[in-house]
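Okay, so here's the structure we're looking at.
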Amino acid sequence: MSGTIIKVSGPLIVAEGMGDVHLYDVVRVSKQHLIGEVIELRGDKASIQVYEETAGLGPGEPVETTGAPLSVELAPGLIESIFDGIQRPLTEIYKIAGDRITRGIDVPKLDRKKKWEFVPVAKVGDEVIGGDVIGTVQETPAVLHKIMLPPRKSGTVEWIYSGEATITEPVYKIKDKEGNVTEYPMLQTWPVRVARPYKDKLAPDEPMVTGQRVIDTLFPIAKGGVAAVPGPFGSGKTVIQHQLAKWADADIIIYVGCGERGNEMTDVLNEFPALKDPRTGLPLMKRTVLIANTSDMPVAAREASIYTGITLAEYFRDMGYKVAIMADSTSRWAEALREMSSRLEEMPGEEGYPAYLASRLAEFYERAGVVDCIGKEKRVGAVSAIGAVSPPGGDISEPVSQATLRIVKVFWCLSASLAYARHFPAIDWLQSYSLYSDRLKTYFNSAVAPDWGELVGKTMGILQEEASLNEIVRLVGIDALGFKDRITMECARSIREDYLHQNSFDDVDTYTSLNKQYNMLKLIITWYDKALAALGQHVQLDKLIDMPIREHIGRAKYIPEKEEKEKFAALSKEMDKAFSDLTEEGEANA
């Protein structure tokens, strides 16, 4: 069926004669076959957001409907790929069209010619339901791609193939209850705006270890959790997203650059293939999918990119994998919503954003979680969603930040003052929070150390006390503080500079295991406890502050993981001896 354009307003066009189309159907606009999506219907008029440049379009040009919603293709070939917001393969487009995406270019989303080694898992005669694994493909050395029967399908395996096949060739046949036999290839499609089904949503109870000390220790995120990273320009949002993509304890990484600067996406494209994955020893790209939607690409495609990313994440989750999706940034996505809403002449909400901003954000974040996957076999998968927010001027009272905060359970607030002081990650420990901390305390206490929770509580108490003492210092100077308060200030400085400050460009300091985090923090808090005790045994304050062991504790972050056990044990002994010597000296002088 086709209609006719009657209005063009930037990325929005209005066409008449569209009475039979459905909301969110994909259409082809003009003779150039530009990709668009129906976002509003009024009588036989349809408002369509076009995912390509609309310059030169005019009234009277044709619009043809495809009769299908915007969907992604799911099959081997996703890993290591670089797509745009509507899953067009940028590498293939570059080979055909060069640096710029040609309007109306039509390239298959996944490679139809490449053959994959299909290994059957199901047997002829097996009763199968949607979600059951029929066969596997070793997509990369790091990822075993499980070929599943599409959701809501069931029947008996009539025939199954073994050997090499393309993603469009039939690899198994299913006979349903009515006796109809259907052929299935490895390729399946799924509409991006519809969440993939699952049996049950589970409560997250295991942390997603990131190797970033300020996150894992003070504000942990659970596997299947949701987090927001708001911060002003230059505070390190993108670097944190990169660090999480590199080091997070996840099987699959989906990185969505939504409206970001082109040079930042270039950094990702250059870094990830070169970076060695600590889990597998292979390049990180061997378990990564990149969706690049830079700020100079058509604005409407930003909106689609988030949905494309979360649908790919759900697909890998259904295989039983733990997936982390990084959305950088949801503010640019919200700006695309605002632009399309204003062109639709909808009633504006706060600061011009549409009234449905909060519900759209919730739709995205609610698709994260730990789930019991569909299928007969017991599989638990998880999607952890981490969204960067770029509030104008760093003001988190603006609508996108506030709507996000009402949904997420982890808030890593980036501070401009910390960033300007070159303290990275610039996560403000007084403003940030994690609602998973209490739930994950049991895991940390059993898997790392029984006093983990107590140690973290003490650390936060010291940092909060330092904030209060800083007010006094600013008013009357540090000499007005008592000796115990001075020790607290020194310990807080050690926590800030030696523990929370982390160098992402240092080969050793860029990642810290949970055991090493515990040992580092234990040394600092042990020094604090022993220093307070030494004050009561007549040891001079200056001697405690100037102890050489403090510098050694500060350098502990550069101890390689292999040497961690013996070197931390040696530091502990060295500290005990140093305090013993100072106490003897203090008692002799008393």
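Convention: chains lettered A, B, ... in structure tokens order; per-chain residue numbering from 1; ligands numbered from 1 as shown.
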Could you go through range 7-227 of chain A and tell me which residues DSSP, when run on the backbone, assigns to strand (DSSP E), listing them as a ChimeraX atom specification?
/A:7-9,12-16,25-29,34-42,45-50,62-69,71-74,82-83,116-120,127-129,133-140,143-148,154-160,163-165,170-175,181-185,188-191,200-202,226-227
Write out as a PDB file with C-alpha atoms, in the first residue's frame the residues lying within 10 Å of range 244-250 of chain A, counting only C-alpha atoms and excluding same-chain residues fewer than 5 positions away.
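Below is the file that was written, out_13.pdb:
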ATOM      1  CA  PRO A 207      27.267  -7.832  42.144  1.00  0.00           C
ATOM      2  CA  MET A 208      28.511  -6.942  38.688  1.00  0.00           C
ATOM      3  CA  VAL A 209      32.188  -6.500  39.542  1.00  0.00           C
ATOM      4  CA  THR A 210      33.645  -3.573  37.618  1.00  0.00           C
ATOM      5  CA  GLY A 211      37.177  -3.346  39.033  1.00  0.00           C
ATOM      6  CA  GLN A 212      36.540   0.338  39.803  1.00  0.00           C
ATOM      7  CA  LYS A 223      23.979  -8.103  37.808  1.00  0.00           C
ATOM      8  CA  THR A 238      32.275   8.545  28.700  1.00  0.00           C
ATOM      9  CA  VAL A 239      35.542   7.331  30.269  1.00  0.00           C
ATOM     10  CA  TYR A 255      27.756  -0.268  23.749  1.00  0.00           C
ATOM     11  CA  VAL A 268      35.848   3.135  21.228  1.00  0.00           C
ATOM     12  CA  GLU A 271      40.452   0.896  21.631  1.00  0.00           C
ATOM     13  CA  PHE A 272      38.173  -2.133  21.874  1.00  0.00           C
ATOM     14  CA  LEU A 275      42.277  -4.065  24.229  1.00  0.00           C
ATOM     15  CA  LYS A 276      42.959  -7.500  25.701  1.00  0.00           C
ATOM     16  CA  ASP A 277      39.919  -8.937  27.468  1.00  0.00           C
ATOM     17  CA  PRO A 278      40.946  -9.954  31.036  1.00  0.00           C
ATOM     18  CA  ARG A 279      38.317 -12.761  31.043  1.00  0.00           C
ATOM     19  CA  LEU A 284      37.476  -7.198  23.817  1.00  0.00           C
ATOM     20  CA  MET A 285      35.556  -6.923  20.514  1.00  0.00           C
ATOM     21  CA  ARG A 287      32.257 -10.312  22.968  1.00  0.00           C
ATOM     22  CA  THR A 288      31.086  -6.792  22.080  1.00  0.00           C
ATOM     23  CA  TYR A 321      24.341 -14.820  29.342  1.00  0.00           C
ATOM     24  CA  LYS A 322      24.997 -11.873  31.639  1.00  0.00           C
ATOM     25  CA  VAL A 323      24.812  -8.791  29.411  1.00  0.00           C
ATOM     26  CA  ALA A 324      25.836  -5.208  30.189  1.00  0.00           C
ATOM     27  CA  ILE A 325      24.408  -2.423  28.023  1.00  0.00           C
ATOM     28  CA  MET A 326      25.999   1.042  28.132  1.00  0.00           C
ATOM     29  CA  ALA A 382      20.656 -10.880  33.122  1.00  0.00           C
ATOM     30  CA  VAL A 383      20.740  -7.460  31.469  1.00  0.00           C
ATOM     31  CA  SER A 384      22.443  -4.676  33.429  1.00  0.00           C
ATOM     32  CA  ILE A 386      23.989   1.756  32.691  1.00  0.00           C
ATOM     33  CA  THR A 510      43.011   0.388  35.840  1.00  0.00           C
ATOM     34  CA  TYR A 511      41.402  -2.748  37.351  1.00  0.00           C
ATOM     35  CA  THR A 512      41.311  -3.929  40.978  1.00  0.00           C
TER      36      THR A 512
END
Find the distance between CA of Val50 in chain A and CA of Glu363 in chain A and write it in Å to one decimal.
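These atoms are spaced 22.1 Å apart.
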My list of candidates is A:Ser331, A:Asn180, A:Thr136, A:Thr583. Which is closest to Gly155 in chain A when distances are computed with only C-alpha atoms?
A:Asn180
Near range 57-68 of chain A, within 12 Å and counting only C-alpha atoms, which residues show up once chain neighbours fewer than 4 positions away are dropped, as a short mmCIF file (atom, residue, chain, number, x, y, z; two decimals) with N, CA and C atoms, in the first residue's frame?
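Output (around_35.cif):
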data_model
loop_
_atom_site.label_atom_id
_atom_site.label_comp_id
_atom_site.auth_asym_id
_atom_site.auth_seq_id
_atom_site.Cartn_x
_atom_site.Cartn_y
_atom_site.Cartn_z
N MET A 1 0.84 -1.18 0.00
CA MET A 1 0.00 0.00 0.00
C MET A 1 0.89 1.24 0.00
N SER A 2 0.45 2.31 -0.69
CA SER A 2 1.26 3.52 -0.71
C SER A 2 0.40 4.76 -0.46
N GLY A 3 1.06 5.77 0.11
CA GLY A 3 0.41 7.06 0.35
C GLY A 3 1.22 8.15 -0.33
N THR A 4 0.87 9.40 0.01
CA THR A 4 1.52 10.55 -0.63
C THR A 4 1.93 11.56 0.42
N ILE A 5 3.14 12.09 0.30
CA ILE A 5 3.62 13.11 1.24
C ILE A 5 2.82 14.40 1.05
N ILE A 6 2.34 14.98 2.18
CA ILE A 6 1.66 16.28 2.10
C ILE A 6 2.41 17.36 2.91
N LYS A 7 3.37 16.92 3.77
CA LYS A 7 4.10 17.90 4.59
C LYS A 7 5.46 17.33 4.95
N VAL A 8 6.48 18.19 4.91
CA VAL A 8 7.82 17.81 5.35
C VAL A 8 8.29 18.82 6.39
N SER A 9 8.65 18.32 7.59
CA SER A 9 9.13 19.20 8.67
C SER A 9 10.37 18.56 9.27
N GLY A 10 11.52 18.82 8.67
CA GLY A 10 12.77 18.21 9.14
C GLY A 10 12.67 16.70 9.03
N PRO A 11 12.96 15.98 10.15
CA PRO A 11 12.91 14.52 10.09
C PRO A 11 11.49 13.96 10.13
N LEU A 12 10.49 14.85 10.31
CA LEU A 12 9.10 14.41 10.36
C LEU A 12 8.40 14.69 9.03
N ILE A 13 7.72 13.68 8.49
CA ILE A 13 6.89 13.94 7.31
C ILE A 13 5.47 13.47 7.61
N VAL A 14 4.50 14.07 6.95
CA VAL A 14 3.10 13.65 7.07
C VAL A 14 2.65 13.17 5.70
N ALA A 15 2.01 11.99 5.66
CA ALA A 15 1.54 11.41 4.40
C ALA A 15 0.05 11.09 4.53
N GLU A 16 -0.67 11.26 3.45
CA GLU A 16 -2.10 10.89 3.45
C GLU A 16 -2.29 9.61 2.63
N GLY A 17 -3.52 9.03 2.74
CA GLY A 17 -3.78 7.77 2.06
C GLY A 17 -3.14 6.60 2.76
N MET A 18 -2.97 6.72 4.10
CA MET A 18 -2.27 5.70 4.89
C MET A 18 -3.23 5.01 5.87
N GLY A 19 -4.48 4.88 5.50
CA GLY A 19 -5.50 4.37 6.43
C GLY A 19 -5.26 2.95 6.90
N ASP A 20 -4.54 2.13 6.16
CA ASP A 20 -4.37 0.72 6.53
C ASP A 20 -3.06 0.42 7.27
N VAL A 21 -2.25 1.43 7.51
CA VAL A 21 -0.98 1.16 8.23
C VAL A 21 -1.23 1.09 9.73
N HIS A 22 -0.27 0.52 10.46
CA HIS A 22 -0.35 0.43 11.91
C HIS A 22 0.73 1.31 12.53
N LEU A 23 0.50 1.69 13.80
CA LEU A 23 1.49 2.47 14.53
C LEU A 23 2.81 1.69 14.62
N TYR A 24 3.91 2.36 14.39
CA TYR A 24 5.27 1.82 14.44
C TYR A 24 5.60 0.91 13.26
N ASP A 25 4.76 0.91 12.21
CA ASP A 25 5.14 0.21 10.97
C ASP A 25 6.30 0.94 10.30
N VAL A 26 7.16 0.18 9.66
CA VAL A 26 8.26 0.77 8.88
C VAL A 26 7.75 1.08 7.48
N VAL A 27 8.12 2.26 6.97
CA VAL A 27 7.72 2.66 5.61
C VAL A 27 8.96 3.07 4.82
N ARG A 28 8.82 3.09 3.50
CA ARG A 28 9.87 3.58 2.61
C ARG A 28 9.37 4.87 1.99
N VAL A 29 10.16 5.94 2.20
CA VAL A 29 9.71 7.28 1.83
C VAL A 29 10.37 7.72 0.52
N SER A 30 9.57 8.23 -0.41
CA SER A 30 10.00 8.79 -1.69
C SER A 30 10.63 7.72 -2.59
N LYS A 31 11.05 8.12 -3.77
CA LYS A 31 11.67 7.17 -4.71
C LYS A 31 13.07 6.78 -4.25
N GLN A 32 13.60 7.54 -3.26
CA GLN A 32 14.93 7.20 -2.73
C GLN A 32 14.85 6.07 -1.69
N HIS A 33 13.63 5.68 -1.32
CA HIS A 33 13.40 4.60 -0.36
C HIS A 33 14.06 4.86 1.00
N LEU A 34 13.87 6.06 1.52
CA LEU A 34 14.38 6.38 2.85
C LEU A 34 13.59 5.60 3.89
N ILE A 35 14.27 5.17 4.96
CA ILE A 35 13.60 4.37 6.00
C ILE A 35 12.89 5.31 6.98
N GLY A 36 11.62 5.02 7.26
CA GLY A 36 10.86 5.80 8.24
C GLY A 36 9.99 4.89 9.08
N GLU A 37 9.41 5.47 10.15
CA GLU A 37 8.57 4.70 11.07
C GLU A 37 7.34 5.54 11.41
N VAL A 38 6.17 4.93 11.34
CA VAL A 38 4.92 5.64 11.65
C VAL A 38 4.84 5.86 13.16
N LYS A 45 -4.21 10.01 7.69
CA LYS A 45 -2.91 10.71 7.68
C LYS A 45 -1.97 10.05 8.71
N ALA A 46 -0.73 9.85 8.29
CA ALA A 46 0.27 9.24 9.17
C ALA A 46 1.46 10.18 9.32
N SER A 47 1.89 10.39 10.58
CA SER A 47 3.13 11.13 10.84
C SER A 47 4.26 10.11 10.92
N ILE A 48 5.30 10.39 10.18
CA ILE A 48 6.39 9.42 10.03
C ILE A 48 7.71 10.08 10.41
N VAL A 50 11.60 9.97 9.95
CA VAL A 50 12.50 9.41 8.94
C VAL A 50 13.90 9.29 9.54
N GLU A 52 16.65 9.00 8.02
CA GLU A 52 17.70 9.48 7.13
C GLU A 52 17.46 10.96 6.82
N GLU A 53 18.43 11.60 6.22
CA GLU A 53 18.32 13.03 5.88
C GLU A 53 17.16 13.26 4.90
N VAL A 72 14.89 -5.90 14.61
CA VAL A 72 16.31 -6.23 14.47
C VAL A 72 16.44 -7.67 14.01
N ARG A 103 21.96 8.16 1.17
CA ARG A 103 20.53 8.07 1.45
C ARG A 103 19.90 6.92 0.69
N THR A 189 13.81 -12.51 13.54
CA THR A 189 13.68 -11.06 13.74
C THR A 189 12.81 -10.80 14.96
N TRP A 190 12.97 -9.58 15.52
CA TRP A 190 12.17 -9.21 16.69
C TRP A 190 11.92 -7.70 16.67
N PRO A 191 10.65 -7.26 16.86
CA PRO A 191 10.38 -5.82 16.90
C PRO A 191 11.05 -5.16 18.10
N VAL A 192 11.73 -4.04 17.86
CA VAL A 192 12.58 -3.44 18.91
C VAL A 192 11.77 -2.84 20.06
#
Find the residues near range 554-562 of chain A: any atom within 6 Å, counting only C-alpha atoms, skip ones fewer than 5 places away on the same chain, and give them as JSON, numbers by chain.
{"A": [498, 508, 509]}
Export of the given selection (N, CA, C and O atoms) as a PDB file, in the first residue's frame:
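The file below, part_22.pdb, is the result:
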ATOM      1  N   ASP A 498      44.488   7.608  47.879  1.00  0.00           N
ATOM      2  CA  ASP A 498      45.159   6.321  47.655  1.00  0.00           C
ATOM      3  C   ASP A 498      44.189   5.219  47.246  1.00  0.00           C
ATOM      4  O   ASP A 498      44.595   4.235  46.633  1.00  0.00           O
ATOM      5  N   VAL A 508      48.210  -1.533  35.794  1.00  0.00           N
ATOM      6  CA  VAL A 508      47.850  -2.253  37.022  1.00  0.00           C
ATOM      7  C   VAL A 508      46.652  -1.594  37.708  1.00  0.00           C
ATOM      8  O   VAL A 508      45.698  -2.257  38.112  1.00  0.00           O
ATOM      9  N   ASP A 509      46.670  -0.281  37.811  1.00  0.00           N
ATOM     10  CA  ASP A 509      45.649   0.429  38.589  1.00  0.00           C
ATOM     11  C   ASP A 509      44.290   0.499  37.883  1.00  0.00           C
ATOM     12  O   ASP A 509      43.275   0.759  38.510  1.00  0.00           O
TER      13      ASP A 509
END
List the spatial neighbours of range 531-546 of chain A as a list of chain:residue names - criterion: any atom at most 9 Å away, only C-alpha atoms, same-chain residues fewer than 6 positions off excluded.
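Here the answer would be A:Phe483, A:Lys484, A:Arg486, A:Ile487, A:Thr488, A:Glu490, A:Phe579, A:Leu582, A:Thr583, A:Glu584, A:Glu585, A:Gly586, A:Glu587, A:Asn589, A:Ala590.
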Take the residues from that selection and put them in a file with N, CA and C atoms, as an mmCIF file, in the first residue's frame.
data_model
loop_
_atom_site.group_PDB
_atom_site.id
_atom_site.type_symbol
_atom_site.label_atom_id
_atom_site.label_comp_id
_atom_site.auth_asym_id
_atom_site.auth_seq_id
_atom_site.Cartn_x
_atom_site.Cartn_y
_atom_site.Cartn_z
ATOM 1 N N PHE A 483 43.296 16.108 68.264
ATOM 2 C CA PHE A 483 44.180 15.108 67.664
ATOM 3 C C PHE A 483 43.398 13.995 66.963
ATOM 4 N N LYS A 484 42.313 13.533 67.601
ATOM 5 C CA LYS A 484 41.529 12.449 66.988
ATOM 6 C C LYS A 484 40.931 12.898 65.659
ATOM 7 N N ARG A 486 42.168 15.174 63.722
ATOM 8 C CA ARG A 486 43.258 15.294 62.744
ATOM 9 C C ARG A 486 43.575 13.927 62.120
ATOM 10 N N ILE A 487 43.545 12.871 62.952
ATOM 11 C CA ILE A 487 43.780 11.513 62.437
ATOM 12 C C ILE A 487 42.675 11.131 61.458
ATOM 13 N N THR A 488 41.428 11.506 61.789
ATOM 14 C CA THR A 488 40.296 11.222 60.894
ATOM 15 C C THR A 488 40.499 11.913 59.547
ATOM 16 N N GLU A 490 43.324 12.789 58.178
ATOM 17 C CA GLU A 490 44.424 12.140 57.459
ATOM 18 C C GLU A 490 43.979 10.818 56.844
ATOM 19 N N PHE A 579 54.202 0.650 64.350
ATOM 20 C CA PHE A 579 53.383 1.095 65.490
ATOM 21 C C PHE A 579 53.967 0.622 66.812
ATOM 22 N N LEU A 582 56.812 2.959 67.645
ATOM 23 C CA LEU A 582 56.322 4.279 68.074
ATOM 24 C C LEU A 582 55.709 4.216 69.465
ATOM 25 N N THR A 583 55.014 3.123 69.777
ATOM 26 C CA THR A 583 54.376 2.986 71.098
ATOM 27 C C THR A 583 55.435 2.876 72.184
ATOM 28 N N GLU A 584 56.474 2.069 71.916
ATOM 29 C CA GLU A 584 57.570 1.946 72.905
ATOM 30 C C GLU A 584 58.227 3.296 73.145
ATOM 31 N N GLU A 585 58.452 4.027 72.062
ATOM 32 C CA GLU A 585 59.081 5.361 72.171
ATOM 33 C C GLU A 585 58.173 6.307 72.957
ATOM 34 N N GLY A 586 56.853 6.255 72.694
ATOM 35 C CA GLY A 586 55.901 7.130 73.388
ATOM 36 C C GLY A 586 55.848 6.849 74.869
ATOM 37 N N GLU A 587 55.866 5.542 75.208
ATOM 38 C CA GLU A 587 55.809 5.184 76.631
ATOM 39 C C GLU A 587 57.095 5.586 77.344
ATOM 40 N N ASN A 589 58.872 8.190 76.620
ATOM 41 C CA ASN A 589 58.876 9.654 76.781
ATOM 42 C C ASN A 589 57.801 10.147 77.749
ATOM 43 N N ALA A 590 56.838 9.257 78.117
ATOM 44 C CA ALA A 590 55.699 9.686 78.952
ATOM 45 C C ALA A 590 56.148 9.992 80.375
#
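Of the residues under consideration (A:Asn519, A:Asn470, A:Ser434, A:Ser415), A:Ser415 shows the shortest atom-to-atom contact distance to Asp395 in chain A when counting only C-alpha atoms.
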Quick one: pull the distance between CA of Val371 in chain A and CA of Arg196 in chain A, Å, one decimal.
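These two atoms are separated by 11.0 Å.
Relative to CA of Arg493 in chain A, CA of Val476 in chain A is found at 19.5 Å.
The nearest approach to Asp438 in chain A among the residues A:Gln87, A:Gly131, A:Met265, A:Ile221, with only C-alpha atoms taken into account, belongs to A:Ile221.
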Top pick for closest residue to Met489 in chain A, considering A:Val400, A:Leu469, A:Leu357, A:Val256 and counting only C-alpha atoms:
A:Leu469
For Val289 in chain A: contacts at 10 Å, only C-alpha atoms, fewer than 4 positions along chain excluded, given as JSON, numbers by chain
{"A": [77, 78, 79, 80, 81, 82, 83, 252, 253, 254, 255, 256, 285, 309, 312, 313, 325]}
Only N, CA, C and O atoms, please: the residues just picked out, written as a JSON list (two decimals), in the first residue's frame.
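Final file, out03.json:
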[["chain", "number", "residue", "atom", "x", "y", "z"],
["A", 77, "GLY", "N", 26.76, -13.44, 13.82],
["A", 77, "GLY", "CA", 27.23, -12.29, 13.04],
["A", 77, "GLY", "C", 27.03, -10.98, 13.78],
["A", 77, "GLY", "O", 27.50, -9.94, 13.34],
["A", 78, "LEU", "N", 26.34, -11.04, 14.93],
["A", 78, "LEU", "CA", 26.12, -9.81, 15.71],
["A", 78, "LEU", "C", 27.39, -9.37, 16.43],
["A", 78, "LEU", "O", 27.75, -8.19, 16.42],
["A", 79, "ILE", "N", 28.06, -10.34, 17.06],
["A", 79, "ILE", "CA", 29.26, -10.01, 17.84],
["A", 79, "ILE", "C", 30.34, -9.47, 16.91],
["A", 79, "ILE", "O", 30.51, -9.94, 15.79],
["A", 80, "GLU", "N", 31.06, -8.45, 17.39],
["A", 80, "GLU", "CA", 32.13, -7.75, 16.67],
["A", 80, "GLU", "C", 31.59, -6.77, 15.63],
["A", 80, "GLU", "O", 32.37, -6.08, 14.97],
["A", 81, "SER", "N", 30.27, -6.70, 15.46],
["A", 81, "SER", "CA", 29.72, -5.81, 14.43],
["A", 81, "SER", "C", 29.55, -4.39, 14.96],
["A", 81, "SER", "O", 29.45, -4.15, 16.17],
["A", 82, "ILE", "N", 29.53, -3.46, 14.00],
["A", 82, "ILE", "CA", 29.30, -2.04, 14.31],
["A", 82, "ILE", "C", 28.09, -1.61, 13.49],
["A", 82, "ILE", "O", 28.13, -1.60, 12.26],
["A", 83, "PHE", "N", 27.00, -1.29, 14.21],
["A", 83, "PHE", "CA", 25.75, -0.91, 13.54],
["A", 83, "PHE", "C", 25.44, 0.56, 13.79],
["A", 83, "PHE", "O", 25.97, 1.16, 14.73],
["A", 252, "ILE", "N", 28.61, -10.49, 27.71],
["A", 252, "ILE", "CA", 28.43, -9.76, 26.45],
["A", 252, "ILE", "C", 28.31, -8.27, 26.78],
["A", 252, "ILE", "O", 27.66, -7.88, 27.76],
["A", 253, "ILE", "N", 28.94, -7.43, 25.96],
["A", 253, "ILE", "CA", 28.85, -5.97, 26.13],
["A", 253, "ILE", "C", 28.13, -5.38, 24.91],
["A", 253, "ILE", "O", 28.50, -5.65, 23.77],
["A", 254, "ILE", "N", 27.09, -4.59, 25.17],
["A", 254, "ILE", "CA", 26.42, -3.83, 24.10],
["A", 254, "ILE", "C", 26.70, -2.36, 24.40],
["A", 254, "ILE", "O", 26.27, -1.85, 25.44],
["A", 255, "TYR", "N", 27.42, -1.69, 23.52],
["A", 255, "TYR", "CA", 27.76, -0.27, 23.75],
["A", 255, "TYR", "C", 26.97, 0.58, 22.75],
["A", 255, "TYR", "O", 27.16, 0.45, 21.54],
["A", 256, "VAL", "N", 26.11, 1.44, 23.27],
["A", 256, "VAL", "CA", 25.28, 2.31, 22.41],
["A", 256, "VAL", "C", 25.78, 3.74, 22.55],
["A", 256, "VAL", "O", 25.66, 4.35, 23.62],
["A", 285, "MET", "N", 36.61, -6.91, 21.53],
["A", 285, "MET", "CA", 35.56, -6.92, 20.51],
["A", 285, "MET", "C", 34.97, -8.32, 20.29],
["A", 285, "MET", "O", 33.88, -8.45, 19.75],
["A", 309, "GLY", "N", 19.60, -1.46, 20.87],
["A", 309, "GLY", "CA", 20.58, -1.98, 21.83],
["A", 309, "GLY", "C", 19.96, -2.90, 22.87],
["A", 309, "GLY", "O", 20.48, -3.99, 23.14],
["A", 312, "LEU", "N", 18.91, -6.33, 21.40],
["A", 312, "LEU", "CA", 20.07, -7.23, 21.22],
["A", 312, "LEU", "C", 20.50, -7.80, 22.57],
["A", 312, "LEU", "O", 20.83, -8.99, 22.69],
["A", 313, "ALA", "N", 20.46, -6.95, 23.62],
["A", 313, "ALA", "CA", 20.85, -7.39, 24.97],
["A", 313, "ALA", "C", 19.90, -8.49, 25.46],
["A", 313, "ALA", "O", 20.34, -9.50, 26.02],
["A", 325, "ILE", "N", 24.65, -3.39, 29.09],
["A", 325, "ILE", "CA", 24.41, -2.42, 28.02],
["A", 325, "ILE", "C", 24.75, -1.03, 28.54],
["A", 325, "ILE", "O", 24.29, -0.62, 29.59]]
Expected answer as a CSV table (one decimal) with N, CA and C atoms, in the first residue's frame: helix (DSSP H, G or I) residues in range 37-102 of chain A:
chain,number,residue,atom,x,y,z
A,90,LEU,N,27.6,-0.6,9.6
A,90,LEU,CA,28.4,0.6,9.1
A,90,LEU,C,29.7,0.1,8.3
A,91,THR,N,30.3,-1.0,8.7
A,91,THR,CA,31.5,-1.5,8.0
A,91,THR,C,31.1,-1.8,6.6
A,92,GLU,N,30.0,-2.5,6.3
A,92,GLU,CA,29.6,-2.8,5.0
A,92,GLU,C,29.2,-1.6,4.2
A,93,ILE,N,28.5,-0.7,4.8
A,93,ILE,CA,28.1,0.6,4.1
A,93,ILE,C,29.4,1.4,3.7
A,94,TYR,N,30.4,1.4,4.6
A,94,TYR,CA,31.6,2.1,4.3
A,94,TYR,C,32.3,1.5,3.0
A,95,LYS,N,32.2,0.2,2.9
A,95,LYS,CA,32.8,-0.5,1.7
A,95,LYS,C,32.1,0.0,0.4
A,96,ILE,N,30.8,0.2,0.5
A,96,ILE,CA,30.0,0.5,-0.7
A,96,ILE,C,30.0,2.0,-0.9
A,97,ALA,N,29.8,2.8,0.2
A,97,ALA,CA,29.5,4.2,0.0
A,97,ALA,C,30.6,5.2,0.5
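Among the candidate residues A:Lys201, A:Lys109, A:Arg338, A:Arg152, the one lying nearest to Ile167 in chain A is A:Lys109, with distances computed using only C-alpha atoms.
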Please list as a list in words every residue within 6 Å of Asp132 in chain A, counting only C-alpha atoms and excluding residues in the same chain fewer than 5 positions away.
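In the requested format, the answer is Met148, Leu149 and Gly375 of chain A.
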Output all heavy atoms for every residue in the selection just made, as a PDB file, in the first residue's frame.
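Result saved to out17.pdb:
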ATOM      1  N   MET A 148      18.041 -20.599  19.205  1.00  0.00           N
ATOM      2  CA  MET A 148      16.856 -20.963  19.981  1.00  0.00           C
ATOM      3  C   MET A 148      15.610 -20.947  19.098  1.00  0.00           C
ATOM      4  O   MET A 148      15.535 -20.171  18.139  1.00  0.00           O
ATOM      5  CB  MET A 148      16.664 -19.973  21.136  1.00  0.00           C
ATOM      6  CG  MET A 148      17.842 -19.900  22.092  1.00  0.00           C
ATOM      7  SD  MET A 148      17.728 -18.521  23.240  1.00  0.00           S
ATOM      8  CE  MET A 148      18.026 -17.122  22.158  1.00  0.00           C
ATOM      9  N   LEU A 149      14.645 -21.810  19.466  1.00  0.00           N
ATOM     10  CA  LEU A 149      13.349 -21.755  18.792  1.00  0.00           C
ATOM     11  C   LEU A 149      12.686 -20.439  19.158  1.00  0.00           C
ATOM     12  O   LEU A 149      12.665 -20.068  20.339  1.00  0.00           O
ATOM     13  CB  LEU A 149      12.471 -22.930  19.252  1.00  0.00           C
ATOM     14  CG  LEU A 149      11.107 -23.062  18.555  1.00  0.00           C
ATOM     15  CD1 LEU A 149      11.279 -23.378  17.074  1.00  0.00           C
ATOM     16  CD2 LEU A 149      10.251 -24.134  19.220  1.00  0.00           C
ATOM     17  N   GLY A 375      11.862 -21.584  27.871  1.00  0.00           N
ATOM     18  CA  GLY A 375      12.464 -22.840  27.418  1.00  0.00           C
ATOM     19  C   GLY A 375      12.416 -23.870  28.535  1.00  0.00           C
ATOM     20  O   GLY A 375      12.258 -23.530  29.708  1.00  0.00           O
TER      21      GLY A 375
END
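Shortest separation to Lys567 in chain A among A:Ala588, A:Leu523, A:Ala75, A:Ile129 occurs at residue A:Leu523, atoms counted being only C-alpha atoms.
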